[in-house]
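Report on the following structure.
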Amino acid sequence: MRLTDSAQICGRLRIWVRKNGELVERFDEHNLIVDGAKISMAHLAGGDIGSRSISKVAFGTNGTAPAASDVAITEPYEKDVDSVEYPQDGQVTFHFSLGSSEANGKQIREFGLLCADGTLFARRIRSEALAKEQDITIDGEWTIAF
């Protein structure tokens with residue numbers, strides 16, 4: 001049996017890049033919700049909540065276009081999300097940051113939302129690599145809407 005609904009899950013990633021504290025780039029685009037999200041949401045709905053919640057953001061190096069079958073971020077630097085909020089019914093926003101002492105030397109091309117068990121939930125790439133150095137900080141928010 002195949003069930004359908006007119007509403008789809010979607011995501012939006014917003015990033016602010018600062019160099020020496022000065023805003024140098026804004027990034028605001030939709031992202032791909034990957035197949036792992038369906039698995040995690042089914043388990044959450046069924047009461048299997050252990051390790052299924054989104055808890056981390058990952059910064060990686062792969063610039064290959066996202067596909068629904070993606071399961072991992074390449075060469076990830078992972079960190080816990082800073083906070084979670086619910087801006088509207090049916091939405092959740094994950095706030096995150098990358099400080100001046102984190103992931104230095106990494107050529108960041110991709111971003112991922114990860115569940116606590118490591119399941120990739122969403123993925124987005126940049127068209128050009130961001131050379132992360134000590135003078136660069138990143139603040140971001142990733143909103144998922146149902």
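Going through the structure tokens in order, the chains are called A, B, and so on, while each chain numbers its residues from 1 and the ligands are numbered from 1 in the order shown.
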Query - Exercise: Ile33 of chain A partners within 9 Å, only C-alpha atoms, chain neighbours under 6 positions left out, as a list of chain:residue names - result: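 Near Ile33 of chain A, the qualifying residues are A:Ile9, A:Cys10, A:Gly11, A:Ala67, A:Ala68, A:Leu120, A:Phe121, A:Ala122, A:Arg123, A:Ile144.
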Query raised in the report: Could you pull the residues within 8 Å of Val17 of chain A, counting only C-alpha atoms, minus those fewer than 4 positions along the same chain, as a PyMOL selection string?
Result: chain A and resi 23-26+136-139
Residue subset to file, keeping all heavy atoms, as a PDB file, in the first residue's frame:
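Below is the file part04.pdb, written as the result:
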ATOM      1  N   LEU A  23      30.572  40.520   8.673  1.00  0.00           N
ATOM      2  CA  LEU A  23      29.791  39.676   7.790  1.00  0.00           C
ATOM      3  C   LEU A  23      30.325  39.763   6.368  1.00  0.00           C
ATOM      4  O   LEU A  23      30.411  40.846   5.792  1.00  0.00           O
ATOM      5  CB  LEU A  23      28.316  40.097   7.824  1.00  0.00           C
ATOM      6  CG  LEU A  23      27.351  39.225   7.032  1.00  0.00           C
ATOM      7  CD1 LEU A  23      27.288  37.817   7.603  1.00  0.00           C
ATOM      8  CD2 LEU A  23      25.970  39.863   7.025  1.00  0.00           C
ATOM      9  N   VAL A  24      30.695  38.614   5.786  1.00  0.00           N
ATOM     10  CA  VAL A  24      31.235  38.583   4.427  1.00  0.00           C
ATOM     11  C   VAL A  24      30.378  37.758   3.476  1.00  0.00           C
ATOM     12  O   VAL A  24      30.553  37.839   2.263  1.00  0.00           O
ATOM     13  CB  VAL A  24      32.698  38.061   4.400  1.00  0.00           C
ATOM     14  CG1 VAL A  24      33.624  39.027   5.119  1.00  0.00           C
ATOM     15  CG2 VAL A  24      32.799  36.655   4.975  1.00  0.00           C
ATOM     16  N   GLU A  25      29.456  36.955   4.016  1.00  0.00           N
ATOM     17  CA  GLU A  25      28.607  36.134   3.152  1.00  0.00           C
ATOM     18  C   GLU A  25      27.343  35.722   3.885  1.00  0.00           C
ATOM     19  O   GLU A  25      27.366  35.427   5.078  1.00  0.00           O
ATOM     20  CB  GLU A  25      29.361  34.869   2.720  1.00  0.00           C
ATOM     21  CG  GLU A  25      28.563  33.974   1.807  1.00  0.00           C
ATOM     22  CD  GLU A  25      29.295  32.688   1.442  1.00  0.00           C
ATOM     23  OE1 GLU A  25      30.516  32.580   1.688  1.00  0.00           O
ATOM     24  OE2 GLU A  25      28.628  31.797   0.907  1.00  0.00           O
ATOM     25  N   ARG A  26      26.246  35.697   3.119  1.00  0.00           N
ATOM     26  CA  ARG A  26      24.972  35.127   3.580  1.00  0.00           C
ATOM     27  C   ARG A  26      24.587  34.034   2.607  1.00  0.00           C
ATOM     28  O   ARG A  26      24.750  34.195   1.402  1.00  0.00           O
ATOM     29  CB  ARG A  26      23.869  36.178   3.586  1.00  0.00           C
ATOM     30  CG  ARG A  26      24.017  37.182   4.655  1.00  0.00           C
ATOM     31  CD  ARG A  26      22.804  38.120   4.659  1.00  0.00           C
ATOM     32  NE  ARG A  26      23.086  39.181   5.605  1.00  0.00           N
ATOM     33  CZ  ARG A  26      22.832  40.450   5.395  1.00  0.00           C
ATOM     34  NH1 ARG A  26      22.273  40.842   4.287  1.00  0.00           N
ATOM     35  NH2 ARG A  26      23.116  41.343   6.309  1.00  0.00           N
ATOM     36  N   ILE A 136      37.629  32.954  10.514  1.00  0.00           N
ATOM     37  CA  ILE A 136      36.282  32.708   9.991  1.00  0.00           C
ATOM     38  C   ILE A 136      35.407  32.070  11.073  1.00  0.00           C
ATOM     39  O   ILE A 136      35.814  31.110  11.723  1.00  0.00           O
ATOM     40  CB  ILE A 136      36.325  31.754   8.770  1.00  0.00           C
ATOM     41  CG1 ILE A 136      37.139  32.349   7.632  1.00  0.00           C
ATOM     42  CG2 ILE A 136      34.918  31.359   8.318  1.00  0.00           C
ATOM     43  CD1 ILE A 136      36.502  33.506   6.921  1.00  0.00           C
ATOM     44  N   THR A 137      34.189  32.604  11.226  1.00  0.00           N
ATOM     45  CA  THR A 137      33.171  31.987  12.073  1.00  0.00           C
ATOM     46  C   THR A 137      31.894  31.840  11.247  1.00  0.00           C
ATOM     47  O   THR A 137      31.674  32.592  10.297  1.00  0.00           O
ATOM     48  CB  THR A 137      32.875  32.811  13.342  1.00  0.00           C
ATOM     49  OG1 THR A 137      32.422  34.111  12.957  1.00  0.00           O
ATOM     50  CG2 THR A 137      34.111  32.921  14.232  1.00  0.00           C
ATOM     51  N   ILE A 138      31.098  30.878  11.631  1.00  0.00           N
ATOM     52  CA  ILE A 138      29.846  30.604  10.925  1.00  0.00           C
ATOM     53  C   ILE A 138      28.721  30.497  11.948  1.00  0.00           C
ATOM     54  O   ILE A 138      28.867  29.816  12.969  1.00  0.00           O
ATOM     55  CB  ILE A 138      29.935  29.293  10.116  1.00  0.00           C
ATOM     56  CG1 ILE A 138      31.030  29.385   9.056  1.00  0.00           C
ATOM     57  CG2 ILE A 138      28.585  28.959   9.485  1.00  0.00           C
ATOM     58  CD1 ILE A 138      31.307  28.077   8.339  1.00  0.00           C
ATOM     59  N   ASP A 139      27.625  31.160  11.656  1.00  0.00           N
ATOM     60  CA  ASP A 139      26.396  30.990  12.412  1.00  0.00           C
ATOM     61  C   ASP A 139      25.353  30.511  11.427  1.00  0.00           C
ATOM     62  O   ASP A 139      25.347  30.912  10.263  1.00  0.00           O
ATOM     63  CB  ASP A 139      25.927  32.307  13.037  1.00  0.00           C
ATOM     64  CG  ASP A 139      26.865  32.784  14.122  1.00  0.00           C
ATOM     65  OD1 ASP A 139      27.078  32.039  15.084  1.00  0.00           O
ATOM     66  OD2 ASP A 139      27.407  33.894  13.977  1.00  0.00           O
TER      67      ASP A 139
END
Find the residues around Val71 of chain A up to 8 Å (only C-alpha atoms counted), leave out those fewer than 4 positions away in its own chain, and share them as a PDB file with N, CA and C atoms, in the first residue's frame.
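Wrote selection-v2.pdb, looks like this:
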ATOM      1  N   VAL A  34      16.995  13.787   2.902  1.00  0.00           N
ATOM      2  CA  VAL A  34      17.410  12.504   2.342  1.00  0.00           C
ATOM      3  C   VAL A  34      16.575  11.353   2.895  1.00  0.00           C
ATOM      4  N   GLY A  36      17.212   8.863   4.742  1.00  0.00           N
ATOM      5  CA  GLY A  36      17.385   8.537   6.162  1.00  0.00           C
ATOM      6  C   GLY A  36      16.391   9.256   7.055  1.00  0.00           C
ATOM      7  N   THR A 119      22.459   9.027  11.660  1.00  0.00           N
ATOM      8  CA  THR A 119      21.684   9.020  10.419  1.00  0.00           C
ATOM      9  C   THR A 119      21.653  10.415   9.810  1.00  0.00           C
ATOM     10  N   LEU A 120      21.983  10.506   8.517  1.00  0.00           N
ATOM     11  CA  LEU A 120      21.908  11.772   7.799  1.00  0.00           C
ATOM     12  C   LEU A 120      20.445  12.093   7.515  1.00  0.00           C
TER      13      LEU A 120
END
Per-residue nearest contacts of segment 69-105 of chain A to segment 46-53 of chain A (12 Å; only C-alpha atoms) as a tab-separated table:
residue	atom	partner	partner_atom	distance
A:Asp80	CA	A:Ser53	CA	11.8
A:Val81	CA	A:Ser53	CA	11.4
A:Val84	CA	A:Ser53	CA	11.2
A:Val92	CA	A:Ser53	CA	11.6
A:Phe94	CA	A:Ser53	CA	11.4
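Within segment 58-98 of chain A, DSSP run on the backbone puts these residues in strand (DSSP E): Ala58, Phe59, Gly60, Tyr77, Glu78, Lys79, Asp80, Ser83, Val84, Glu85, Gln91, Val92, Thr93, Phe94, His95, Phe96, Ser97 and Leu98 of chain A.
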Kindly save the residues from that selection, with N, CA, C and O atoms included, as a PDB file, in the first residue's frame.
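The file below, again_2.pdb, is the result:
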ATOM      1  N   ALA A  58      26.909  18.775  10.595  1.00  0.00           N
ATOM      2  CA  ALA A  58      28.205  18.332  10.093  1.00  0.00           C
ATOM      3  C   ALA A  58      28.647  19.244   8.956  1.00  0.00           C
ATOM      4  O   ALA A  58      27.836  19.681   8.137  1.00  0.00           O
ATOM      5  N   PHE A  59      29.934  19.499   8.919  1.00  0.00           N
ATOM      6  CA  PHE A  59      30.563  20.318   7.882  1.00  0.00           C
ATOM      7  C   PHE A  59      31.513  19.393   7.130  1.00  0.00           C
ATOM      8  O   PHE A  59      32.391  18.791   7.744  1.00  0.00           O
ATOM      9  N   GLY A  60      31.344  19.267   5.806  1.00  0.00           N
ATOM     10  CA  GLY A  60      32.149  18.325   5.048  1.00  0.00           C
ATOM     11  C   GLY A  60      32.749  18.924   3.795  1.00  0.00           C
ATOM     12  O   GLY A  60      32.617  20.118   3.518  1.00  0.00           O
ATOM     13  N   TYR A  77      33.242  17.327  10.047  1.00  0.00           N
ATOM     14  CA  TYR A  77      33.496  17.918  11.353  1.00  0.00           C
ATOM     15  C   TYR A  77      32.104  18.056  11.952  1.00  0.00           C
ATOM     16  O   TYR A  77      31.276  18.798  11.432  1.00  0.00           O
ATOM     17  N   GLU A  78      31.817  17.311  13.012  1.00  0.00           N
ATOM     18  CA  GLU A  78      30.492  17.297  13.613  1.00  0.00           C
ATOM     19  C   GLU A  78      30.496  18.057  14.921  1.00  0.00           C
ATOM     20  O   GLU A  78      31.470  18.019  15.668  1.00  0.00           O
ATOM     21  N   LYS A  79      29.357  18.722  15.167  1.00  0.00           N
ATOM     22  CA  LYS A  79      29.194  19.331  16.484  1.00  0.00           C
ATOM     23  C   LYS A  79      27.715  19.385  16.832  1.00  0.00           C
ATOM     24  O   LYS A  79      26.859  19.348  15.946  1.00  0.00           O
ATOM     25  N   ASP A  80      27.436  19.448  18.119  1.00  0.00           N
ATOM     26  CA  ASP A  80      26.058  19.517  18.587  1.00  0.00           C
ATOM     27  C   ASP A  80      25.412  20.816  18.137  1.00  0.00           C
ATOM     28  O   ASP A  80      26.085  21.854  18.061  1.00  0.00           O
ATOM     29  N   SER A  83      20.940  25.153  19.752  1.00  0.00           N
ATOM     30  CA  SER A  83      19.600  25.237  20.334  1.00  0.00           C
ATOM     31  C   SER A  83      18.568  24.823  19.298  1.00  0.00           C
ATOM     32  O   SER A  83      18.857  24.755  18.099  1.00  0.00           O
ATOM     33  N   VAL A  84      17.359  24.568  19.788  1.00  0.00           N
ATOM     34  CA  VAL A  84      16.242  24.159  18.937  1.00  0.00           C
ATOM     35  C   VAL A  84      15.046  25.022  19.300  1.00  0.00           C
ATOM     36  O   VAL A  84      14.808  25.318  20.468  1.00  0.00           O
ATOM     37  N   GLU A  85      14.314  25.458  18.270  1.00  0.00           N
ATOM     38  CA  GLU A  85      13.076  26.201  18.523  1.00  0.00           C
ATOM     39  C   GLU A  85      12.006  25.753  17.538  1.00  0.00           C
ATOM     40  O   GLU A  85      12.302  25.119  16.528  1.00  0.00           O
ATOM     41  N   GLN A  91       6.987  23.251  12.215  1.00  0.00           N
ATOM     42  CA  GLN A  91       8.361  23.636  11.887  1.00  0.00           C
ATOM     43  C   GLN A  91       9.269  23.473  13.099  1.00  0.00           C
ATOM     44  O   GLN A  91       8.848  23.679  14.235  1.00  0.00           O
ATOM     45  N   VAL A  92      10.510  23.138  12.811  1.00  0.00           N
ATOM     46  CA  VAL A  92      11.552  23.096  13.833  1.00  0.00           C
ATOM     47  C   VAL A  92      12.807  23.731  13.239  1.00  0.00           C
ATOM     48  O   VAL A  92      13.138  23.502  12.081  1.00  0.00           O
ATOM     49  N   THR A  93      13.475  24.569  14.042  1.00  0.00           N
ATOM     50  CA  THR A  93      14.706  25.224  13.596  1.00  0.00           C
ATOM     51  C   THR A  93      15.847  24.823  14.520  1.00  0.00           C
ATOM     52  O   THR A  93      15.728  24.895  15.742  1.00  0.00           O
ATOM     53  N   PHE A  94      16.946  24.415  13.914  1.00  0.00           N
ATOM     54  CA  PHE A  94      18.163  24.041  14.630  1.00  0.00           C
ATOM     55  C   PHE A  94      19.179  25.151  14.429  1.00  0.00           C
ATOM     56  O   PHE A  94      19.555  25.455  13.305  1.00  0.00           O
ATOM     57  N   HIS A  95      19.615  25.768  15.522  1.00  0.00           N
ATOM     58  CA  HIS A  95      20.624  26.831  15.470  1.00  0.00           C
ATOM     59  C   HIS A  95      21.992  26.198  15.733  1.00  0.00           C
ATOM     60  O   HIS A  95      22.122  25.326  16.596  1.00  0.00           O
ATOM     61  N   PHE A  96      22.993  26.654  14.985  1.00  0.00           N
ATOM     62  CA  PHE A  96      24.340  26.110  15.156  1.00  0.00           C
ATOM     63  C   PHE A  96      25.375  27.185  14.887  1.00  0.00           C
ATOM     64  O   PHE A  96      25.071  28.241  14.331  1.00  0.00           O
ATOM     65  N   SER A  97      26.601  26.891  15.284  1.00  0.00           N
ATOM     66  CA  SER A  97      27.709  27.822  15.052  1.00  0.00           C
ATOM     67  C   SER A  97      28.995  27.025  14.887  1.00  0.00           C
ATOM     68  O   SER A  97      29.097  25.886  15.320  1.00  0.00           O
ATOM     69  N   LEU A  98      29.948  27.652  14.232  1.00  0.00           N
ATOM     70  CA  LEU A  98      31.287  27.092  14.082  1.00  0.00           C
ATOM     71  C   LEU A  98      32.245  28.214  14.455  1.00  0.00           C
ATOM     72  O   LEU A  98      32.312  29.239  13.770  1.00  0.00           O
TER      73      LEU A  98
END
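Taking only segment 4-45 of chain A, the residues that DSSP calls alpha helix (DSSP H) from the backbone come to A:Asp35, A:Gly36, A:Ala37, A:Lys38, A:Ile39, A:Ser40, A:Met41, A:Ala42, A:His43, A:Leu44, A:Ala45.
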**Report entry** Closest of A:Lys19, A:Lys132, A:Arg124, A:His30 to Ala72 of chain A - atom-to-atom distances counting only C-alpha atoms
**Finding:**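 Under the stated criterion, the closest residue is A:Arg124.
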Query raised in the report: If we count only C-alpha atoms, what is near Lys106 of chain A at a cut-off of 7 Å, once residues fewer than 2 positions away on the same chain are taken out, given as a PyMOL selection string?
Result: chain A and resi 103-104+108+131-132
